[in-house]
Amino acid sequence: MLLATLASFHCASVRAPGNAVFVGSTPGHRFVRDIFRLGNDSIDFIKWTLHLEDAPMGNFRLELHYGLAKPNTSGFYSGGKKHVIVGTYTMNPVRATESLSVFQFTSGQADTFSMMRYGERLMHLLEADGSLATGNGGWSYTLTRSGTPHQAGYLYSMPGAGYMQTDTARLSRFEGRSPCREITKTYDIKVPSECFKLKWRVDLLRDAATGVPALYRLFYTLHRQSVVEGRWTLRQDLRGARIIQLHDAIGHKSLYLLVADRNVLFFLDSNNNLLPGDRDFSYTLNRIF
């Protein structure tokens with residue numbers, strides 16, 4: 001079991017804890033609105049600022065800014081609404097030899113919720129069953145730690161990632177939006193100076209007779225008028241992490257994706273490090289079907 005049963009207690013402090021700050025924008029799905037008791041308001045997305053004490057346990061402060069998305073901006077109609085939740089968290093290592101941990105958050109202002117931390121940079125919201133929460137084509141449930149230098153990633157595939165090896169669907173589609181700079185620098189892509197986001201769609205096709213990986217189709221902002229096509233393969237590293245390689249996806253370079261869970265993929269750089277997102281977007285793709 002990834003999730004431990006912890007005793008709940010209310011933290012009266014409203015001061016933001018120090019040490020670590022994770023930021024990101026996520027969808028406003030029903031289960032998230034229920035966790036944070038946001039009522040029945042129509043919510044397109046939620047901006048998170050999560051402050052926590054950088055220790056195995058401590059206080060947290062979660063600042064939520066949410067509402068209906070204002071087109072062609074990263075903001076909300078009428079400024080959106082704000083909500084603050086304070087409480088305590090406990091960190092539970094997944095593997096003793098790796099920086100992979102489940103953080104469980106407890107507050108009298110919200111239902112208990114959990115997040116998986118990958119190394120020092122990424123946090124991803126978990127569903128009640130311990131799987132990674134699935135976002136949509138606009139936003140994902142990944143947060144990135146701000147103000148820390150780039151570090152090597154910690155690759156880990158959740159148990160549900162095994163589905164990628166046994167799946168027999170002719171077509172699987174993943175979508176998402178990412179920041180522009182980190183990935184274009186990694187893959188030497190020339191972009192306009194005003195570029196701040198990229199839209200992605202990856203179609204993974206399998207051989208109809210055998211079910212093995214066959215062709216992929218890659219659509220992204222810089223190729224609106226054309227489709228990048230090629231072959232994809234799936235491999236497993238020594239620690240069990242499953243990695244998709246889209247061969248010759250960008251120029252003559254392959255694009256690498258970590259199969260984090262059944263419905264969630266993380267972009268990797270050419271050295272198989274996880275890419276850090278920002279306050280608006282993450283390097284995460286979500287299964288559409």
# chains A, B, ... in the order shown; residues from 1 in each chain; ligands from 1
$ residues_around --residues "stretch 227-231 of chain A" --least-positions-apart "2" --cutoff "9 Å" --atoms "only C-alpha atoms" --output "VMD selection string"
chain A and resid 213 to 220 223 to 225 233 245 to 250
$ residues_around --residues "A:Met115" --least-positions-apart "6" --cutoff "10 Å" --atoms "only C-alpha atoms" --output "PyMOL selection string"
chain A and resi 3+91+101-105+122-127+130-133+141-143
$ residues_around --residues "A:Pro93" --least-positions-apart "5" --cutoff "10 Å" --atoms "only C-alpha atoms" --output "count of residues only"
10
$ residues_around --residues "A:Glu194" --least-positions-apart "3" --cutoff "10 Å" --atoms "only C-alpha atoms" --output "PyMOL selection string"
chain A and resi 180+191+197
$ residues_around --residues "stretch 36-53 of chain A" --least-positions-apart "2" --cutoff "7 Å" --atoms "only C-alpha atoms" --output "PyMOL selection string"
chain A and resi 16-28+32-34+55+58-69+110-111
$ write_last_selection --atoms "C-alpha atoms" --output "PDB file, in the first residue's frame"
ATOM      1  CA  ALA A  16       3.513  29.860   5.380  1.00  0.00           C
ATOM      2  CA  PRO A  17       6.112  27.209   6.286  1.00  0.00           C
ATOM      3  CA  GLY A  18       9.575  27.723   4.865  1.00  0.00           C
ATOM      4  CA  ASN A  19      12.057  25.618   2.868  1.00  0.00           C
ATOM      5  CA  ALA A  20      10.109  24.240  -0.128  1.00  0.00           C
ATOM      6  CA  VAL A  21       7.569  25.805  -2.496  1.00  0.00           C
ATOM      7  CA  PHE A  22       5.864  23.790  -5.243  1.00  0.00           C
ATOM      8  CA  VAL A  23       3.804  25.522  -7.925  1.00  0.00           C
ATOM      9  CA  GLY A  24       1.645  24.480 -10.843  1.00  0.00           C
ATOM     10  CA  SER A  25      -1.742  24.676 -12.533  1.00  0.00           C
ATOM     11  CA  THR A  26      -4.119  21.709 -12.520  1.00  0.00           C
ATOM     12  CA  PRO A  27      -7.598  20.944 -13.845  1.00  0.00           C
ATOM     13  CA  GLY A  28     -10.598  21.681 -11.648  1.00  0.00           C
ATOM     14  CA  VAL A  32     -10.360  17.982  -6.537  1.00  0.00           C
ATOM     15  CA  ARG A  33     -13.161  20.436  -5.816  1.00  0.00           C
ATOM     16  CA  ASP A  34     -14.506  17.913  -3.312  1.00  0.00           C
ATOM     17  CA  ALA A  55      11.495  17.524   6.553  1.00  0.00           C
ATOM     18  CA  GLY A  58       5.858  19.325   9.290  1.00  0.00           C
ATOM     19  CA  ASN A  59       3.397  22.070   8.443  1.00  0.00           C
ATOM     20  CA  PHE A  60       2.047  23.014   5.026  1.00  0.00           C
ATOM     21  CA  ARG A  61       0.150  25.921   3.547  1.00  0.00           C
ATOM     22  CA  LEU A  62      -1.677  25.478   0.248  1.00  0.00           C
ATOM     23  CA  GLU A  63      -2.803  28.592  -1.638  1.00  0.00           C
ATOM     24  CA  LEU A  64      -5.366  27.902  -4.364  1.00  0.00           C
ATOM     25  CA  HIS A  65      -6.393  30.392  -7.055  1.00  0.00           C
ATOM     26  CA  TYR A  66      -9.173  29.104  -9.298  1.00  0.00           C
ATOM     27  CA  GLY A  67     -11.953  29.958 -11.717  1.00  0.00           C
ATOM     28  CA  LEU A  68     -12.869  30.051 -15.407  1.00  0.00           C
ATOM     29  CA  ALA A  69      -9.980  30.423 -17.811  1.00  0.00           C
ATOM     30  CA  ALA A 110      -9.941  19.821   3.503  1.00  0.00           C
ATOM     31  CA  ASP A 111     -10.164  16.081   3.070  1.00  0.00           C
TER      32      ASP A 111
END
$ select_by_dssp --residues "stretch 44-209 of chain A" --states "helix (DSSP H, G or I)" --output "list in words"
Tyr77, Ser78, Gly79, Pro159, Gly160, Ala161, Gly162, Tyr163, Met164, Gln165, Thr166, Arg181, Glu182, Ile183, Thr184, Lys185 and Thr186 of chain A
$ write_last_selection --atoms "all heavy atoms" --output "tab-separated table (two decimals), in the first residue's frame"
chain	number	residue	atom	x	y	z
A	77	TYR	N	-11.26	34.78	-15.60
A	77	TYR	CA	-12.29	35.80	-15.71
A	77	TYR	C	-12.54	36.40	-14.33
A	77	TYR	O	-12.59	35.69	-13.32
A	77	TYR	CB	-13.60	35.20	-16.23
A	77	TYR	CG	-13.69	35.11	-17.73
A	77	TYR	CD1	-13.73	33.88	-18.38
A	77	TYR	CD2	-13.75	36.26	-18.52
A	77	TYR	CE1	-13.82	33.78	-19.76
A	77	TYR	CE2	-13.85	36.19	-19.90
A	77	TYR	CZ	-13.88	34.96	-20.51
A	77	TYR	OH	-13.96	34.87	-21.88
A	78	SER	N	-12.69	37.73	-14.29
A	78	SER	CA	-13.01	38.47	-13.05
A	78	SER	C	-12.01	38.19	-11.94
A	78	SER	O	-12.34	38.33	-10.75
A	78	SER	CB	-14.42	38.12	-12.56
A	78	SER	OG	-15.38	38.38	-13.56
A	79	GLY	N	-10.81	37.78	-12.29
A	79	GLY	CA	-9.77	37.59	-11.28
A	79	GLY	C	-9.80	36.27	-10.55
A	79	GLY	O	-8.88	35.95	-9.80
A	159	PRO	N	2.68	0.94	-10.42
A	159	PRO	CA	2.26	-0.40	-10.85
A	159	PRO	C	1.35	-0.40	-12.08
A	159	PRO	O	1.44	-1.29	-12.92
A	159	PRO	CB	1.53	-0.93	-9.61
A	159	PRO	CG	2.20	-0.25	-8.46
A	159	PRO	CD	2.51	1.13	-8.96
A	160	GLY	N	0.51	0.64	-12.21
A	160	GLY	CA	-0.40	0.71	-13.34
A	160	GLY	C	0.29	0.90	-14.68
A	160	GLY	O	-0.31	0.69	-15.74
A	161	ALA	N	1.59	1.27	-14.65
A	161	ALA	CA	2.32	1.49	-15.90
A	161	ALA	C	2.50	0.20	-16.68
A	161	ALA	O	2.75	0.22	-17.89
A	161	ALA	CB	3.69	2.12	-15.61
A	162	GLY	N	2.39	-0.94	-16.01
A	162	GLY	CA	2.50	-2.22	-16.70
A	162	GLY	C	1.45	-2.40	-17.77
A	162	GLY	O	1.62	-3.21	-18.70
A	163	TYR	N	0.37	-1.62	-17.67
A	163	TYR	CA	-0.69	-1.67	-18.67
A	163	TYR	C	-0.16	-1.35	-20.07
A	163	TYR	O	-0.65	-1.87	-21.07
A	163	TYR	CB	-1.81	-0.71	-18.28
A	163	TYR	CG	-2.94	-0.61	-19.27
A	163	TYR	CD1	-3.95	-1.57	-19.30
A	163	TYR	CD2	-3.03	0.44	-20.17
A	163	TYR	CE1	-5.00	-1.49	-20.20
A	163	TYR	CE2	-4.07	0.54	-21.07
A	163	TYR	CZ	-5.05	-0.43	-21.09
A	163	TYR	OH	-6.09	-0.34	-21.99
A	164	MET	N	0.86	-0.48	-20.11
A	164	MET	CA	1.40	-0.09	-21.41
A	164	MET	C	2.00	-1.29	-22.15
A	164	MET	O	2.03	-1.32	-23.38
A	164	MET	CB	2.45	1.01	-21.22
A	164	MET	CG	2.95	1.64	-22.51
A	164	MET	SD	1.65	2.45	-23.49
A	164	MET	CE	1.32	3.88	-22.45
A	165	GLN	N	2.48	-2.29	-21.41
A	165	GLN	CA	3.07	-3.46	-22.05
A	165	GLN	C	2.03	-4.49	-22.46
A	165	GLN	O	2.26	-5.28	-23.37
A	165	GLN	CB	4.09	-4.09	-21.11
A	165	GLN	CG	5.36	-3.26	-20.95
A	165	GLN	CD	6.36	-3.90	-20.01
A	165	GLN	OE1	6.03	-4.25	-18.89
A	165	GLN	NE2	7.59	-4.05	-20.48
A	166	THR	N	0.88	-4.49	-21.79
A	166	THR	CA	-0.14	-5.50	-22.08
A	166	THR	C	-1.31	-4.94	-22.87
A	166	THR	O	-2.18	-5.70	-23.31
A	166	THR	CB	-0.67	-6.10	-20.77
A	166	THR	OG1	-1.26	-5.06	-19.96
A	166	THR	CG2	0.45	-6.76	-19.98
A	181	ARG	N	10.42	26.74	-23.05
A	181	ARG	CA	11.86	26.94	-23.05
A	181	ARG	C	12.68	25.69	-22.76
A	181	ARG	O	13.64	25.39	-23.46
A	181	ARG	CB	12.23	28.04	-22.05
A	181	ARG	CG	11.75	29.41	-22.47
A	181	ARG	CD	12.39	29.83	-23.79
A	181	ARG	NE	11.68	30.95	-24.43
A	181	ARG	CZ	11.93	31.38	-25.64
A	181	ARG	NH1	12.83	30.79	-26.39
A	181	ARG	NH2	11.25	32.38	-26.15
A	182	GLU	N	12.33	24.96	-21.71
A	182	GLU	CA	13.18	23.85	-21.29
A	182	GLU	C	13.32	22.78	-22.37
A	182	GLU	O	14.41	22.32	-22.67
A	182	GLU	CB	12.60	23.23	-20.01
A	182	GLU	CG	13.58	22.33	-19.27
A	182	GLU	CD	14.62	23.09	-18.49
A	182	GLU	OE1	14.37	24.24	-18.09
A	182	GLU	OE2	15.72	22.51	-18.30
A	183	ILE	N	12.21	22.42	-22.97
A	183	ILE	CA	12.26	21.33	-23.95
A	183	ILE	C	12.85	21.78	-25.28
A	183	ILE	O	13.54	21.01	-25.95
A	183	ILE	CB	10.86	20.70	-24.14
A	183	ILE	CG1	11.00	19.33	-24.81
A	183	ILE	CG2	9.93	21.61	-24.94
A	183	ILE	CD1	9.76	18.47	-24.71
A	184	THR	N	12.61	23.02	-25.67
A	184	THR	CA	13.19	23.48	-26.93
A	184	THR	C	14.70	23.66	-26.80
A	184	THR	O	15.45	23.45	-27.76
A	184	THR	CB	12.55	24.80	-27.39
A	184	THR	OG1	12.61	25.77	-26.32
A	184	THR	CG2	11.09	24.58	-27.76
A	185	LYS	N	15.17	24.02	-25.61
A	185	LYS	CA	16.61	24.09	-25.38
A	185	LYS	C	17.22	22.70	-25.39
A	185	LYS	O	18.29	22.48	-25.96
A	185	LYS	CB	16.87	24.78	-24.03
A	185	LYS	CG	18.34	24.93	-23.68
A	185	LYS	CD	18.53	25.80	-22.45
A	185	LYS	CE	17.85	25.20	-21.24
A	185	LYS	NZ	18.09	25.99	-20.00
A	186	THR	N	16.53	21.74	-24.77
A	186	THR	CA	17.02	20.37	-24.71
A	186	THR	C	17.17	19.76	-26.09
A	186	THR	O	18.15	19.05	-26.38
A	186	THR	CB	16.07	19.50	-23.86
A	186	THR	OG1	16.08	19.98	-22.52
A	186	THR	CG2	16.48	18.04	-23.88
$ residues_around --residues "A:Gly240" --least-positions-apart "5" --cutoff "10 Å" --atoms "only C-alpha atoms" --output "list in words"
Leu155, Tyr156, Ser157, Met158, Pro159, Gly162 and Arg235 of chain A
$ closest_residue --among "A:Ser282, A:Gly135, A:Ile35, A:Arg262" --to "A:Phe113" --atoms "only C-alpha atoms"
A:Ile35
